[in-house]
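Have a look at the structure below, then the notes.
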There are 4 protein chains.
Amino acid sequence: MSVANVGKRPSEKAGAIPVAVLGATGAVGQRFIQLLEAHPWFRVGAVAASERSAGKPYTQACGWKLATPIPEAVEDLVVRPLDPSKLGRDDIRLAFSALPADIARGVEPDFVRAGFVVSSNASAFRFEPDVPIILPDVNPGHLSLLETQRRTRSWPGALITNPNCTTSGIALTLKPLQEEFGLRRVVVSTMQAISGAGYPGIPSLDILGNVVPWIPSEEEKIEKEPTLLLGTIKDGQQTPAAYTIAAHANRVPVLDGHTICMSIGFERDNVSPEDVFEALESFRGPGVIAGLPSAPRPPIRVLSEPDRPQPRLDCDSQAGMQISVGRIRTCPILDVRLVSVVHNTVRGAAGGSILNAELLSHEGWLG
Amino acid sequence: MSVANVGKRPSEKAGAIPVAVLGATGAVGQRFIQLLEAHPWFRVGAVAASERSAGKPYTQACGWKLATPIPEAVEDLVVRPLDPSKLGRDDIRLAFSALPADIARGVEPDFVRAGFVVSSNASAFRFEPDVPIILPDVNPGHLSLLETQRRTRSWPGALITNPNCTTSGIALTLKPLQEEFGLRRVVVSTMQAISGAGYPGIPSLDILGNVVPWIPSEEEKIEKEPTLLLGTIKDGQQTPAAYTIAAHANRVPVLDGHTICMSIGFERDNVSPEDVFEALESFRGPGVIAGLPSAPRPPIRVLSEPDRPQPRLDCDSQAGMQISVGRIRTCPILDVRLVSVVHNTVRGAAGGSILNAELLSHEGWLG
Amino acid sequence: MSVANVGKRPSEKAGAIPVAVLGATGAVGQRFIQLLEAHPWFRVGAVAASERSAGKPYTQACGWKLATPIPEAVEDLVVRPLDPSKLGRDDIRLAFSALPADIARGVEPDFVRAGFVVSSNASAFRFEPDVPIILPDVNPGHLSLLETQRRTRSWPGALITNPNCTTSGIALTLKPLQEEFGLRRVVVSTMQAISGAGYPGIPSLDILGNVVPWIPSEEEKIEKEPTLLLGTIKDGQQTPAAYTIAAHANRVPVLDGHTICMSIGFERDNVSPEDVFEALESFRGPGVIAGLPSAPRPPIRVLSEPDRPQPRLDCDSQAGMQISVGRIRTCPILDVRLVSVVHNTVRGAAGGSILNAELLSHEGWLG
Amino acid sequence: MSVANVGKRPSEKAGAIPVAVLGATGAVGQRFIQLLEAHPWFRVGAVAASERSAGKPYTQACGWKLATPIPEAVEDLVVRPLDPSKLGRDDIRLAFSALPADIARGVEPDFVRAGFVVSSNASAFRFEPDVPIILPDVNPGHLSLLETQRRTRSWPGALITNPNCTTSGIALTLKPLQEEFGLRRVVVSTMQAISGAGYPGIPSLDILGNVVPWIPSEEEKIEKEPTLLLGTIKDGQQTPAAYTIAAHANRVPVLDGHTICMSIGFERDNVSPEDVFEALESFRGPGVIAGLPSAPRPPIRVLSEPDRPQPRLDCDSQAGMQISVGRIRTCPILDVRLVSVVHNTVRGAAGGSILNAELLSHEGWLG
């Protein structure tokens, strides 16, 4: 898709586009429902979930855990099975996937084969060479990988993904630094919120007043995904960026908001904390995000207070879509140290998928 | 002092040595009182604190915050002022200091000049060239710096310190690795318990369900103290070890127990996680600790479970004196990654000072 | 004041009324600033605080602790001293007081004597016979006590208060039940959020993973204030309602939202849980609240789920102004048991004062 | 059984009695293992659990969650199925049951029929007319109900239970008050620790920074069990005590220790808080407990500090077996108010069952 498609994006005045939410009853699914309530372009037309929930009204099927009420328009929707032919209406072509990875692996291709464009938060296909992992303020051009996907798989629909919650914070922080200084090495240590594990997720006996210094498969994702997001696409093929990440992933008793400590080594010599501050502060992202209603403006907020960012105070910035960076200072081993906070279930999950769908729409992929 | 003095250590059979606790009413002071209750060599003979508390019975003066009751022998002691001539008895020559740094700076020298041996948890004098920072299982030989101290200052008594709570965990973890492989670089990220900030310390509004990615002056201590502890003494002078530490210090909602993520680069090539596991597992510390009742045996517990150590489950190991290390694995940037947990107010504070006093006694410094 | 004044309320179209916030830098003061940002009638014209803060820009003077940013219009306001002649502008006649009780006792009368209408959250004057404690959806008619106040004290301004945070939840819950069934006895047990104690407030060492079964002076307020709110005014004098409250006040590790368990005995016989459900569900409050922009509609949300209300999920209902009631069931000792949740710093503090000022404006008291 | 059996209790000098722990891998099962490690009379001879765990070494089968290490003697025991014929040894006649109620209902009778004496923490049989619910410091005489049980059921073994964790705190608090003043009505409001729900138990997303005002079936138990414990046995039949309890049961983010607020109305007139203080303070329990090694001495600790008891500071009193009571004050509706704290998984679960087994042994029921 190209800039030529810009004119085709749906008018905000016209009726909103009906969408399906797959895995709508879980923790991330509920975030989709919440964030889509007042969305200017999309509205929830169908909710789908596992057999256990299918057939029940949404209100009954989900144990709603968010502090805002279930949107009225969704309360009485009957939960549908995870089958593209059983959503109960024919006018839906866009589906958001909040499915667990193992279920997504089977279900998402079914929907794409049935012609759906699927904007997925699941990790199931993130490492397929023809499935783009996208943050619109980082690598919107990677959308071109969909052409490879369509050619290779003969899928009538399309599948894109957003990165892991922690990767979202890392890649956004690193993007302007890569552009300005080049990246060589990043040592990352995370303190991740319990909402990242879904529901029921972490037992309270494990995490109350405690730290668990291990999150299964998380370090592997954190070390790979950001190199894809900051990598290049050429001739329909991805090349990861040539820098190395080492990650320590920890779970802490925080509700929402991942906190990420980074020590960063650059290609350019003598990069100072002031240089980094300036690069982050002046970052505006690619021009295309100006047309996306959920895109934060700017994508990154830079804080000067010595004790910020903090997840409880900062993760809701710009409705949870803007990341916050602070404590920018020299690193005695690499070059610069800093701390980022990202809202893990908004920017790092449901909000990220919605922003991707806005990009798809803007670029003409929703037909 | 030299090995020749070993024979002079006090008999465990004879009456216990009376000691004073300076700053006895605060959070660390309470730990001293608790840990000394059943101590085989020492017993609390006097408690001293600021003017505000002086004159009151201990029970009234301290808002006791520990889950075990105030020891009976201390309940009715009258709190004395921080003046060596006003402790109310003449037979005390050993004082533990739980004072805040700014007060310790004035008070500790008063006691040493009055002939006291002061085993201090305060940071006030840690960076003086003639004041040893000691972990008996790491650098007991640094006690020889006391001879420099005595020569330089003409103090009739002596002053030694234990390191910062986090440093205790770092230096103990690194000691066997330094011996086996040599150290070059260590990137550290900590998740520190609220008890490390004393009482009242951190307001609950700041830390409940939150992370604060900043602890004033902490990173500076973490980056310097471990190089002193693993350094050498020659001709009465300390030389820090030649490796570099970069630290990210964070406060998390945990009661007791600091969790420390480390990425470590060695001098020796090709050090594997298995090598590190073996070095830590087989570490027994210097022989002298066999004679110290509070010394953990061995100093380090190595865990194999993928999700350990955790502060709530592991910080009490061997009454809080043993550190726990786990998650030993390859680091894509440096050589090996691991996680340590240390009980910050026991091993990292009051228990550390008591262990140091045991060393002093064992080495004949208590006369 | 009477219904005849309704016509005089300020036009929502005209410029908003400038107001002062006294005690603007504290926890409740920050809530005032936050809630007034988008207020249709009022705008912050001055911020005042203790000498320590006076003279500084607001951003510097307050350690902002809320998850939304400091409103731009307030960021650079210079903090003024707590002196009505030093606010720096002459057009302000309405002041909100977020002062601690002991300071409010001296400062609030100064402002009233200088002609200000003061809507206070402080407890200092709540028990004066001529100072109304008001919840507009419970007892707006008590505003008539201001005539007594003006007569007795010759104050050119006026002083009204909102009740204690917990009382707000209790009195709102009991109002429709008093009307329908009459009240005799209420046994109350509270689980109160840490934000109720202000900042720095409760040390984290006291409350993390703990319950403190005592809040100084709280039970006294909870047992008296609701009888005043549900009492009557006749000939300018208050008569408390003739029912008895027994309270157990507890602090729990919750950020915002007080949870209140009540066992209620009625004057009428055979009141069933269904009767109570119906009375609460159908309650709309006095007609006057229809004209107040911050009034929740309806004032009470009744929940049927067996495990609700919960502070984290329910205290933000209708921007924190609506209380939530649930678990309505028979009591084996009194008649009916239930649980209420109220947002303690919104409905129970800053939001309550603002709603009171809306009532004052609506009733013509702002001139 | 009668006093005549006292002489027959097992000598503390002789070899300890081997016991089985049923449900040994769960949260309460782990407490049994922990508390039996240093028990003077009993030692763990077999561990049994569900099919999923059977056949594995204990260390592998249980995800150990306690802060002390797994006792060496148990580490390598192979977990047996819940079948009395498959424990792998013939010399065990005493079994502790930490089973969930639904499983206990089937399994416990199997063991009793096979000749075992079962001391159960499960609620499955608590309300059977011939199964005693015992707290040795409250109603040891109820053991006589076992004669009815044996007669009615022709069981070769015997089954006794300890009450629900919260009931343990309530019944112990009320026992001396019943004796002195008679009981009429008790309004109870609880704040219960997460460990009471077992593992995985409460999801952290439900309880972190929150209160859940509902615990399934808890209020029913709290309202019935204490009337049985304080009731009488005559002619082999229980008569509950004639007082009424109304309960509000809440879950709070506390690890261990239930906090219980009570308003109590007495039969005797004019009972003052001082009378209650005196009755609780002087309570020593029945004489038989002097012979039971796990019995706290005295059973109740009475605190005078205005803000105590607190679960984190007080639930470990006397190794978790002693309850703490404080805040004794007048109640405006009933007679006196107070607060109790009980360690829910020690005194209120595993420790209670062990104390009951000590009573059985002391009274000659272990043969």
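The chains in the structure tokens are called A, B, ... from first to last as shown; in each chain the residues are counted from 1, and the ligands are counted from 1 in the order shown.
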Could you please tell me, as a PyMOL selection string, which residues of chain D have an atom within 7 Å of chain A when using only C-alpha atoms? chain D and resi 194-195+200-205
Identify, with DSSP run on backbone atoms, the residues in segment 148-228 of chain D assigned to helix (DSSP H, G or I), and express the list as a ChimeraX atom specification. /D:148-153,165-181,194-197,204-207,218-228
Dump of C-alpha atoms for the selected residues, as a PDB file, in the first residue's frame:
```
ATOM      1  CA  THR D 148     -21.510 -41.124  69.733  1.00  0.00           C
ATOM      2  CA  GLN D 149     -19.685 -41.198  66.426  1.00  0.00           C
ATOM      3  CA  ARG D 150     -18.199 -44.594  67.081  1.00  0.00           C
ATOM      4  CA  ARG D 151     -21.524 -45.987  68.278  1.00  0.00           C
ATOM      5  CA  THR D 152     -23.529 -44.573  65.389  1.00  0.00           C
ATOM      6  CA  ARG D 153     -21.198 -45.291  62.533  1.00  0.00           C
ATOM      7  CA  CYS D 165     -10.002 -20.124  60.234  1.00  0.00           C
ATOM      8  CA  THR D 166     -12.155 -17.131  61.105  1.00  0.00           C
ATOM      9  CA  THR D 167     -14.260 -19.092  63.562  1.00  0.00           C
ATOM     10  CA  SER D 168     -11.099 -20.022  65.432  1.00  0.00           C
ATOM     11  CA  GLY D 169     -10.464 -16.367  66.163  1.00  0.00           C
ATOM     12  CA  ILE D 170     -14.081 -15.628  67.003  1.00  0.00           C
ATOM     13  CA  ALA D 171     -14.695 -18.616  69.277  1.00  0.00           C
ATOM     14  CA  LEU D 172     -11.469 -18.116  71.206  1.00  0.00           C
ATOM     15  CA  THR D 173     -12.295 -14.452  71.761  1.00  0.00           C
ATOM     16  CA  LEU D 174     -15.847 -15.180  72.821  1.00  0.00           C
ATOM     17  CA  LYS D 175     -15.179 -18.146  75.125  1.00  0.00           C
ATOM     18  CA  PRO D 176     -14.061 -16.181  78.197  1.00  0.00           C
ATOM     19  CA  LEU D 177     -16.773 -13.589  77.549  1.00  0.00           C
ATOM     20  CA  GLN D 178     -19.451 -16.259  77.396  1.00  0.00           C
ATOM     21  CA  GLU D 179     -18.227 -17.701  80.674  1.00  0.00           C
ATOM     22  CA  GLU D 180     -18.193 -14.354  82.424  1.00  0.00           C
ATOM     23  CA  PHE D 181     -21.038 -12.395  80.925  1.00  0.00           C
ATOM     24  CA  ILE D 194      -5.445 -14.292  50.749  1.00  0.00           C
ATOM     25  CA  SER D 195      -3.760 -17.430  52.077  1.00  0.00           C
ATOM     26  CA  GLY D 196      -7.172 -18.453  53.358  1.00  0.00           C
ATOM     27  CA  ALA D 197      -8.218 -19.207  49.800  1.00  0.00           C
ATOM     28  CA  SER D 204      -3.853 -10.995  41.850  1.00  0.00           C
ATOM     29  CA  LEU D 205      -5.939  -8.926  39.404  1.00  0.00           C
ATOM     30  CA  ASP D 206      -8.856  -9.313  41.822  1.00  0.00           C
ATOM     31  CA  ILE D 207      -7.215  -8.315  45.060  1.00  0.00           C
ATOM     32  CA  GLU D 218     -17.838 -17.995  54.661  1.00  0.00           C
ATOM     33  CA  GLU D 219     -20.524 -15.994  56.401  1.00  0.00           C
ATOM     34  CA  GLU D 220     -22.621 -19.128  56.823  1.00  0.00           C
ATOM     35  CA  LYS D 221     -19.738 -20.896  58.566  1.00  0.00           C
ATOM     36  CA  ILE D 222     -18.899 -17.919  60.738  1.00  0.00           C
ATOM     37  CA  GLU D 223     -22.491 -17.617  61.875  1.00  0.00           C
ATOM     38  CA  LYS D 224     -22.915 -21.294  62.776  1.00  0.00           C
ATOM     39  CA  GLU D 225     -19.609 -22.786  63.910  1.00  0.00           C
ATOM     40  CA  PRO D 226     -19.010 -20.527  66.918  1.00  0.00           C
ATOM     41  CA  THR D 227     -22.405 -21.468  68.344  1.00  0.00           C
ATOM     42  CA  LEU D 228     -21.429 -25.146  68.145  1.00  0.00           C
TER      43      LEU D 228
END
```
Spatial neighbours of Ala124 of chain B, 10 Å, only C-alpha atoms, chain gap at least 6 places, as a compact mmCIF listing (two decimals) with N, CA, C and O atoms, in the first residue's frame:
```
# COMPACT_ATOMS: atom_id res chain seq x y z
N LEU B 99 22.45 4.63 63.23
CA LEU B 99 22.12 6.05 63.06
C LEU B 99 22.01 6.43 61.59
O LEU B 99 22.67 5.85 60.73
N PRO B 100 21.19 7.45 61.30
CA PRO B 100 21.21 8.02 59.95
C PRO B 100 22.58 8.65 59.69
O PRO B 100 23.24 9.10 60.63
N ALA B 101 22.96 8.69 58.41
CA ALA B 101 24.30 9.11 58.05
C ALA B 101 24.66 10.48 58.62
O ALA B 101 25.75 10.68 59.16
N ASP B 102 23.76 11.43 58.54
CA ASP B 102 24.11 12.79 58.96
C ASP B 102 24.37 12.88 60.46
O ASP B 102 25.23 13.64 60.91
N ILE B 103 23.65 12.09 61.23
CA ILE B 103 23.87 12.08 62.68
C ILE B 103 25.10 11.24 63.03
O ILE B 103 25.89 11.59 63.90
N ALA B 104 25.26 10.13 62.31
CA ALA B 104 26.41 9.27 62.55
C ALA B 104 27.72 10.04 62.39
O ALA B 104 28.68 9.84 63.13
N ARG B 105 27.73 10.94 61.45
CA ARG B 105 28.96 11.70 61.17
C ARG B 105 29.47 12.43 62.42
O ARG B 105 30.68 12.51 62.65
N GLY B 106 28.56 12.92 63.23
CA GLY B 106 29.00 13.59 64.44
C GLY B 106 29.16 12.65 65.63
O GLY B 106 30.10 12.78 66.42
N GLU B 108 29.39 9.06 65.89
CA GLU B 108 30.28 7.89 65.92
C GLU B 108 31.71 8.23 66.38
O GLU B 108 32.26 7.53 67.23
N THR B 161 32.61 -0.46 59.35
CA THR B 161 31.27 -0.35 58.76
C THR B 161 30.96 -1.60 57.96
O THR B 161 31.86 -2.34 57.54
```
Show me, as a list in words, the residues that have an atom within 8 Å of Ala350 of chain D when counting only C-alpha atoms, minus same-chain residues fewer than 5 positions from it.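 Contacts, with the query itself left out: Val28, Gly29, Arg31, Phe32, Leu35, Ala98, Asn121 and Thr345 of chain D.
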Name the residues of segment 257-367 of chain A that come out as strand (DSSP E or B) in a backbone DSSP run; write them as a list in words.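 Written out, the strand (DSSP E or B) residues of segment 257-367 of chain A are His258, Thr259, Ile260, Cys261, Met262, Ser263, Ile264, Gly265, Phe266, Ile300, Arg301, Val302, Ile323, Ser324, Val325, Gly326, Arg327, Ile328, Arg329, Thr330, Val336, Arg337, Leu338, Val339, Ser340, Val341 and Val342 of chain A.
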Saved selection, atoms kept: C-alpha atoms, as a PDB file, in the first residue's frame:
```pdb
ATOM      1  CA  HIS A 258       5.498  -1.862  32.628  1.00  0.00           C
ATOM      2  CA  THR A 259       8.638  -0.086  33.850  1.00  0.00           C
ATOM      3  CA  ILE A 260      11.741  -0.665  31.746  1.00  0.00           C
ATOM      4  CA  CYS A 261      15.323   0.224  32.777  1.00  0.00           C
ATOM      5  CA  MET A 262      17.714   0.424  29.832  1.00  0.00           C
ATOM      6  CA  SER A 263      21.451   0.887  29.462  1.00  0.00           C
ATOM      7  CA  ILE A 264      22.156   1.749  25.842  1.00  0.00           C
ATOM      8  CA  GLY A 265      25.351   1.682  23.802  1.00  0.00           C
ATOM      9  CA  PHE A 266      25.378   3.652  20.540  1.00  0.00           C
ATOM     10  CA  ILE A 300       7.008   9.982  23.672  1.00  0.00           C
ATOM     11  CA  ARG A 301       6.761  12.193  26.731  1.00  0.00           C
ATOM     12  CA  VAL A 302      10.120  13.046  28.288  1.00  0.00           C
ATOM     13  CA  ILE A 323       5.036   6.255  26.576  1.00  0.00           C
ATOM     14  CA  SER A 324       6.990   8.181  29.216  1.00  0.00           C
ATOM     15  CA  VAL A 325      10.771   8.299  29.446  1.00  0.00           C
ATOM     16  CA  GLY A 326      12.930   9.778  32.184  1.00  0.00           C
ATOM     17  CA  ARG A 327      16.037   9.438  34.330  1.00  0.00           C
ATOM     18  CA  ILE A 328      18.246   9.963  31.288  1.00  0.00           C
ATOM     19  CA  ARG A 329      21.820   9.817  32.557  1.00  0.00           C
ATOM     20  CA  THR A 330      25.278   8.540  31.708  1.00  0.00           C
ATOM     21  CA  VAL A 336      23.337   6.247  28.465  1.00  0.00           C
ATOM     22  CA  ARG A 337      20.809   4.911  30.977  1.00  0.00           C
ATOM     23  CA  LEU A 338      17.108   5.726  31.119  1.00  0.00           C
ATOM     24  CA  VAL A 339      13.720   4.439  32.263  1.00  0.00           C
ATOM     25  CA  SER A 340      10.569   3.986  30.155  1.00  0.00           C
ATOM     26  CA  VAL A 341       7.000   3.302  31.209  1.00  0.00           C
ATOM     27  CA  VAL A 342       4.413   1.882  28.819  1.00  0.00           C
TER      28      VAL A 342
END
```
Please compute the atom CA of Ala48 of chain C-atom CA of Glu305 of chain A distance, one decimal, in Å. 23.3 Å
Rank C:Val276, C:Leu313, C:Ala67, C:Val138 by their smallest atom-to-atom distance to Val211 of chain D, using only C-alpha atoms, and report the top residue only.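 Comparing C:Val276, C:Leu313, C:Ala67, C:Val138 against Val211 of chain D, the winner is C:Leu313.
Interatomic distance, atom CA of Ile354 of chain B to atom CA of Pro109 of chain B: 19.1 Å.
Computed from the coordinates, the atom CA of Leu146 of chain A to atom CA of Leu230 of chain A distance equals 17.3 Å.
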Could you pull the residues within 12 Å of Asp76 of chain C, counting only C-alpha atoms, minus those fewer than 3 positions along the same chain, as a PyMOL selection string? chain C and resi 44-47+55-62+70-73+79
